[in-house]
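Asker: Take a look at this one; I'll ask things after.
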Protein chains: 2
Amino acid sequence: MDESLDHKLICYINKWVKLDPEEEKKILASFEKQAIKKKIKLLEPGQVCQYIYFIIQGGARSYYHDAKGDEHIYQIRLENNWISDLESYFSQQPSKFYLETLEESIVLRISPEVLENLYEEVPKMERYFRILFQKAYINSLARLNSTMWETAEERYNEMIKENCDILQRVPQTYIASYLGIAPESLSRIRKKK
Amino acid sequence: MDESLDHKLICYINKWVKLDPEEEKKILASFEKQAIKKKIKLLEPGQVCQYIYFIIQGGARSYYHDAKGDEHIYQIRLENNWISDLESYFSQQPSKFYLETLEESIVLRISPEVLENLYEEVPKMERYFRILFQKAYINSLARLNSTMWETAEERYNEMIKENCDILQRVPQTYIASYLGIAPESLSRIRKKK
DNA sequence: CGAAAATTTGACATGACTCAACTGGAGTGG
DNA sequence: CCACTCCAGTTGAGTCATGTCAAATTTTCG
């Protein structure tokens, strides 16, 4: 498998903390690379989430089925992003979620134990994840806010402004679910333009 | 001012990382205590958010005015919780939010520069905040999900189950706004019971 | 006690959902 | 290479939860 891809993770982390070569080596040694075909499940409800995944290539989504059996998409992530069920991963309790590739993908994965060790060995990683979660939290609050107070149309327009690549690569139904809209409604919104 | 209150912060942090007395001292030295009357603004739109606040006693909310001038509440926090506008605080860009006490309150506050120093002096704090943001992110995703896929009534019921104390101490209009419901609708939901 | 604020109630409007039918393009097999 | 199926997306009609606006009522607090 192409070793140069590992570099993407290091690049990404280096945006927020400055790593020396020794640290980079330790980090890369902590992750396992995995190649996955399209529409393959990395996690299913009832299982404990064993890994955080960094997507080097491809994409994935997390979703679940509610009490009525309806499917709702929590996250859609393409390359250079993390995906997991953090709640299950950190608590080591069974997950309610599916984790599934959207495309043929390559990921780097790390288990909670190895991550704990990595925090000890490379304290900058603790800093990196502190910053990562801080930003994720801020983003999530913004998304929460737009879901509460903006119309479906406004939310869709913001989405295409910021993530036009996702639109090209992911079925419309998934986008709709991610935005909290019925697929029919999203279709009508798109027609208006 | 009552010194014993400082202990609350240490207790709270000690739930997640084990501090020795030396570290506790450094942490407490980094925070400034502030007593604030009811309905006082700690931050207004246009200002840069200078502090993260740990509420020892009392409570606060963050809110903003949208383009139409309507007020929306982002967060409601009582004692033993953090409140701030993290986006402004970490980016040092002007905030869009108000931060206002709900009751007469006592807080411990810390500026970004002092917090950076504290991370250096007491690396466990970096770990603590990593865990804090991690949990905040997970909670925020859950709140997002319930806003998207549950009815106003379901959301209200979950709220009273988990935060019945907030209900007693905060005007209903605020709860409604926090839940993303019109105050009239919340009133009708409550009547049904 | 009285003014101001918060909450409730009523009447009505509407954005978005649901369900069902239709369309069109992609992939499959004869 | 053409029919056939399948699935995502679209369209239409009807419904419903929740919002809006205005008025009435209750609560709060100086």
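Chain labels run A, B, ... following the order of the structure tokens; each chain numbers its residues from 1, and ligands are numbered from 1 in the order shown.
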With only C-alpha atoms (C1' of nucleotides) counted and 12 Å as the cut-off, give the residues of chain D in contact with chain B, each with its shortest interatomic distance in Å and the pair that gives it, as CSV.
Answerer:
```
residue,atom,partner,partner_atom,distance
D:DC16,C1',B:Thr151,CA,11.9
D:DA17,C1',B:Thr151,CA,8.3
D:DT18,C1',B:Ser185,CA,7.0
D:DG19,C1',B:Ala182,CA,7.0
D:DT20,C1',B:Ala182,CA,9.5
D:DC21,C1',B:Glu184,CA,11.2
D:DT27,C1',B:Pro171,CA,11.7
D:DT28,C1',B:Pro171,CA,11.6
```
Asker: Which parts of chain B does DSSP call alpha helix (DSSP H) when run on the backbone here, written out as a VMD selection string?
Answerer: chain B and resid 6 to 14 21 to 30 86 to 91 112 to 121 123 to 149 152 to 162 164 to 169 172 to 179 183 to 191
Asker: Kindly provide the residues of chain C that approach chain A to within 9 Å, each paired with its closest atom pair and their distance in Å to one decimal, based on only C-alpha atoms (C1' of nucleotides), listed by chain and increasing number, as a tab-separated table.
Answerer:
```
residue	atom	partner	partner_atom	distance
C:DG15	C1'	A:Thr151	CA	8.3
C:DA16	C1'	A:Ser185	CA	7.0
C:DC17	C1'	A:Ala182	CA	7.0
```
Asker: Counting only C-alpha atoms, give me one row per residue of chain A with an atom at most 6 Å from an atom of chain B, showing the shortest contact pair and its distance in Å to one decimal, sorted by chain then residue number, as a tab-separated table.
Answerer:
```
residue	atom	partner	partner_atom	distance
A:Arg130	CA	B:Arg130	CA	3.9
A:Phe133	CA	B:Gln134	CA	5.4
A:Gln134	CA	B:Phe133	CA	5.4
A:Tyr137	CA	B:Tyr137	CA	4.4
A:Leu144	CA	B:Leu144	CA	5.0
A:Met148	CA	B:Gly180	CA	5.3
A:Gly180	CA	B:Met148	CA	5.3
```
Asker: Could you take the residues named above and write them with C-alpha atoms, as a PDB file, in the first residue's frame?
Answerer:
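The result, written out as again_6.pdb:
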```pdb
ATOM      1  CA  ARG A 130      -7.949  18.981  22.774  1.00  0.00           C
ATOM      2  CA  PHE A 133     -12.610  18.439  20.032  1.00  0.00           C
ATOM      3  CA  GLN A 134     -12.764  22.112  20.859  1.00  0.00           C
ATOM      4  CA  TYR A 137     -17.742  21.275  19.647  1.00  0.00           C
ATOM      5  CA  LEU A 144     -27.341  22.946  16.228  1.00  0.00           C
ATOM      6  CA  MET A 148     -33.137  25.177  15.399  1.00  0.00           C
ATOM      7  CA  GLY A 180     -32.613  16.927   9.016  1.00  0.00           C
TER       8      GLY A 180
END
```
Asker: Quick one: superpose chain A onto chain B using all C-alpha atoms paired in order, least squares, and give it to me as a CSV table (one decimal) with C-alpha atoms, in the first residue's frame.
Answerer:
```csv
chain,number,residue,atom,x,y,z
A,1,MET,CA,-15.0,36.3,49.8
A,2,ASP,CA,-15.4,32.7,50.9
A,3,GLU,CA,-12.2,30.8,49.9
A,4,SER,CA,-13.8,27.4,50.3
A,5,LEU,CA,-15.8,28.0,47.1
A,6,ASP,CA,-12.5,27.6,45.1
A,7,HIS,CA,-12.6,24.0,46.1
A,8,LYS,CA,-15.5,23.4,43.8
A,9,LEU,CA,-13.4,23.9,40.7
A,10,ILE,CA,-10.7,21.6,42.0
A,11,CYS,CA,-13.3,18.9,42.9
A,12,TYR,CA,-14.8,19.2,39.5
A,13,ILE,CA,-11.4,18.8,37.7
A,14,ASN,CA,-10.4,16.0,40.0
A,15,LYS,CA,-13.2,13.9,38.7
A,16,TRP,CA,-11.3,13.5,35.5
A,17,VAL,CA,-7.6,13.9,36.3
A,18,LYS,CA,-5.8,13.3,39.7
A,19,LEU,CA,-4.1,16.5,40.8
A,20,ASP,CA,-1.5,16.8,43.5
A,21,PRO,CA,-1.6,19.8,45.9
A,22,GLU,CA,1.2,21.6,44.1
A,23,GLU,CA,-0.9,21.5,40.8
A,24,GLU,CA,-4.0,22.5,42.6
A,25,LYS,CA,-2.2,25.6,43.8
A,26,LYS,CA,-1.0,26.5,40.4
A,27,ILE,CA,-4.5,26.1,38.9
A,28,LEU,CA,-6.2,28.2,41.5
A,29,ALA,CA,-3.6,30.9,41.1
A,30,SER,CA,-4.5,31.1,37.4
A,31,PHE,CA,-8.1,31.9,38.0
A,32,GLU,CA,-9.6,35.2,39.1
A,33,LYS,CA,-12.7,35.1,41.2
A,34,GLN,CA,-15.6,37.5,40.3
A,35,ALA,CA,-18.9,38.1,42.0
A,36,ILE,CA,-21.7,39.3,39.7
A,37,LYS,CA,-25.2,40.6,40.3
A,38,LYS,CA,-28.2,39.2,38.4
A,39,LYS,CA,-28.8,40.0,34.8
A,40,ILE,CA,-25.3,41.5,34.3
A,41,LYS,CA,-23.6,41.1,30.9
A,42,LEU,CA,-20.2,39.4,30.9
A,43,LEU,CA,-19.9,39.8,27.1
A,44,GLU,CA,-21.7,41.7,24.3
A,45,PRO,CA,-21.7,41.3,20.5
A,46,GLY,CA,-18.7,42.9,18.9
A,47,GLN,CA,-16.4,42.4,22.0
A,48,VAL,CA,-13.7,39.7,22.0
A,49,CYS,CA,-14.5,37.1,24.6
A,50,GLN,CA,-11.7,37.5,27.2
A,51,TYR,CA,-12.5,34.6,29.6
A,52,ILE,CA,-13.8,31.2,30.1
A,53,TYR,CA,-15.9,31.2,33.2
A,54,PHE,CA,-16.4,28.4,35.7
A,55,ILE,CA,-19.7,29.0,37.6
A,56,ILE,CA,-19.2,28.3,41.3
A,57,GLN,CA,-22.6,29.7,42.3
A,58,GLY,CA,-25.5,31.0,40.3
A,59,GLY,CA,-26.0,30.7,36.6
A,60,ALA,CA,-25.6,32.3,33.2
A,61,ARG,CA,-26.9,32.1,29.6
A,62,SER,CA,-25.4,32.9,26.2
A,63,TYR,CA,-27.7,34.2,23.5
A,64,TYR,CA,-27.7,36.3,20.3
A,65,HIS,CA,-30.0,38.3,18.1
A,66,ASP,CA,-30.5,36.9,14.6
A,67,ALA,CA,-30.8,39.0,11.4
A,68,LYS,CA,-34.5,39.6,12.2
A,69,GLY,CA,-33.7,40.8,15.7
A,70,ASP,CA,-35.1,37.7,17.4
A,71,GLU,CA,-33.3,36.5,20.5
A,72,HIS,CA,-32.1,32.9,20.6
A,73,ILE,CA,-30.5,31.2,23.6
A,74,TYR,CA,-27.5,29.0,23.0
A,75,GLN,CA,-26.7,27.8,26.4
A,76,ILE,CA,-28.0,27.8,29.9
A,77,ARG,CA,-25.6,26.8,32.6
A,78,LEU,CA,-25.9,26.7,36.4
A,79,GLU,CA,-23.1,26.2,39.0
A,80,ASN,CA,-20.3,23.6,38.4
A,81,ASN,CA,-20.3,24.3,34.7
A,82,TRP,CA,-18.3,26.2,32.3
A,83,ILE,CA,-19.6,29.0,30.1
A,84,SER,CA,-18.0,31.2,27.4
A,85,ASP,CA,-18.1,32.0,23.7
A,86,LEU,CA,-15.3,29.5,22.8
A,87,GLU,CA,-15.2,30.6,19.2
A,88,SER,CA,-14.4,34.2,20.1
A,89,TYR,CA,-12.2,33.2,23.0
A,90,PHE,CA,-9.9,30.9,21.0
A,91,SER,CA,-9.9,32.9,17.8
A,92,GLN,CA,-9.8,36.3,19.6
A,93,GLN,CA,-12.3,37.6,17.0
A,94,PRO,CA,-15.4,39.6,17.9
A,95,SER,CA,-18.2,37.6,19.4
A,96,LYS,CA,-21.8,37.5,18.1
A,97,PHE,CA,-23.1,36.6,21.6
A,98,TYR,CA,-24.3,38.0,24.8
A,99,LEU,CA,-23.2,36.3,28.0
A,100,GLU,CA,-25.4,37.2,30.9
A,101,THR,CA,-26.0,36.1,34.5
A,102,LEU,CA,-29.3,34.5,35.3
A,103,GLU,CA,-28.9,35.0,39.1
A,104,GLU,CA,-26.5,36.6,41.5
A,105,SER,CA,-23.4,34.5,40.7
A,106,ILE,CA,-19.8,33.8,41.6
A,107,VAL,CA,-17.4,32.7,38.9
A,108,LEU,CA,-13.8,31.8,38.3
A,109,ARG,CA,-12.4,33.2,35.1
A,110,ILE,CA,-9.3,32.6,33.0
A,111,SER,CA,-7.9,34.4,30.0
A,112,PRO,CA,-6.5,32.5,26.9
A,113,GLU,CA,-2.9,33.6,27.7
A,114,VAL,CA,-3.0,32.4,31.3
A,115,LEU,CA,-4.7,29.2,30.2
A,116,GLU,CA,-1.9,28.6,27.7
A,117,ASN,CA,0.6,29.0,30.5
A,118,LEU,CA,-1.3,26.8,32.7
A,119,TYR,CA,-1.2,24.0,30.0
A,120,GLU,CA,2.6,24.3,30.1
A,121,GLU,CA,2.8,24.3,33.9
A,122,VAL,CA,0.2,21.7,34.5
A,123,PRO,CA,-0.1,19.4,31.5
A,124,LYS,CA,-2.9,17.6,33.2
A,125,MET,CA,-5.1,20.6,32.5
A,126,GLU,CA,-4.6,20.1,28.8
A,127,ARG,CA,-5.8,16.5,29.4
A,128,TYR,CA,-8.7,17.8,31.5
A,129,PHE,CA,-9.8,20.2,28.8
A,130,ARG,CA,-9.4,17.5,26.1
A,131,ILE,CA,-11.8,15.4,28.1
A,132,LEU,CA,-14.1,18.3,28.8
A,133,PHE,CA,-14.4,19.2,25.1
A,134,GLN,CA,-14.8,15.6,24.1
A,135,LYS,CA,-17.8,15.2,26.4
A,136,ALA,CA,-19.2,18.6,25.4
A,137,TYR,CA,-19.0,17.6,21.7
A,138,ILE,CA,-20.7,14.3,22.3
A,139,ASN,CA,-23.5,16.0,24.3
A,140,SER,CA,-23.9,18.6,21.6
A,141,LEU,CA,-24.3,15.9,18.9
A,142,ALA,CA,-27.0,14.3,21.0
A,143,ARG,CA,-28.8,17.6,21.4
A,144,LEU,CA,-28.4,18.2,17.7
A,145,ASN,CA,-30.0,14.9,17.0
A,146,SER,CA,-32.9,15.4,19.3
A,147,THR,CA,-33.6,18.8,17.7
A,148,MET,CA,-33.6,17.3,14.2
A,149,TRP,CA,-35.6,14.2,14.8
A,150,GLU,CA,-37.7,14.5,17.9
A,151,THR,CA,-40.9,16.6,18.4
A,152,ALA,CA,-40.9,19.7,20.7
A,153,GLU,CA,-42.8,17.7,23.3
A,154,GLU,CA,-40.2,14.9,23.4
A,155,ARG,CA,-37.4,17.4,23.7
A,156,TYR,CA,-39.1,19.1,26.6
A,157,ASN,CA,-39.7,15.8,28.4
A,158,GLU,CA,-36.1,14.8,28.1
A,159,MET,CA,-35.1,18.3,29.4
A,160,ILE,CA,-37.2,18.0,32.6
A,161,LYS,CA,-36.0,14.5,33.2
A,162,GLU,CA,-32.3,15.6,33.1
A,163,ASN,CA,-32.4,19.2,34.2
A,164,CYS,CA,-35.3,19.6,36.5
A,165,ASP,CA,-33.4,22.2,38.6
A,166,ILE,CA,-33.0,24.5,35.6
A,167,LEU,CA,-36.8,24.5,35.2
A,168,GLN,CA,-37.3,25.9,38.7
A,169,ARG,CA,-34.8,28.6,38.4
A,170,VAL,CA,-35.1,29.9,34.9
A,171,PRO,CA,-38.0,31.6,33.1
A,172,GLN,CA,-40.0,29.4,30.8
A,173,THR,CA,-39.3,31.6,27.8
A,174,TYR,CA,-35.6,30.9,28.2
A,175,ILE,CA,-36.2,27.2,28.4
A,176,ALA,CA,-38.3,27.4,25.2
A,177,SER,CA,-35.7,29.3,23.3
A,178,TYR,CA,-33.0,26.9,24.5
A,179,LEU,CA,-35.0,24.0,23.2
A,180,GLY,CA,-35.8,25.8,19.9
A,181,ILE,CA,-39.5,26.2,20.6
A,182,ALA,CA,-41.8,29.2,20.6
A,183,PRO,CA,-42.8,30.2,24.2
A,184,GLU,CA,-46.5,29.7,23.3
A,185,SER,CA,-45.8,26.2,22.0
A,186,LEU,CA,-44.0,25.3,25.2
A,187,SER,CA,-46.9,26.6,27.3
A,188,ARG,CA,-49.3,24.4,25.3
A,189,ILE,CA,-47.0,21.4,25.8
A,190,ARG,CA,-47.0,21.9,29.5
A,191,LYS,CA,-50.8,22.3,29.7
A,192,LYS,CA,-51.2,18.8,28.2
A,193,LYS,CA,-49.7,17.1,31.3
```
Asker: As a VMD selection string, which residues of segment 12-155 of chain A does DSSP assign to strand (DSSP E or B)?
Answerer: chain A and resid 32 to 36 41 to 43 48 52 to 57 59 to 65 71 to 78 81 to 83 94 98 to 101 105 to 110
Asker: Could you tell me how far atom C1' of DT23 of chain C lies from atom C1' of DC2 of chain D, in Å and to one decimal?
Answerer: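 Separation between atom C1' of DT23 of chain C and atom C1' of DC2 of chain D: 19.9 Å.
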Asker: Mind giving me the straight-line distance from atom C1' of DT26 of chain D to atom C1' of DA11 of chain C in Å, one decimal?
Answerer: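 Taking atom C1' of DT26 of chain D and atom C1' of DA11 of chain C, their separation equals 21.4 Å.
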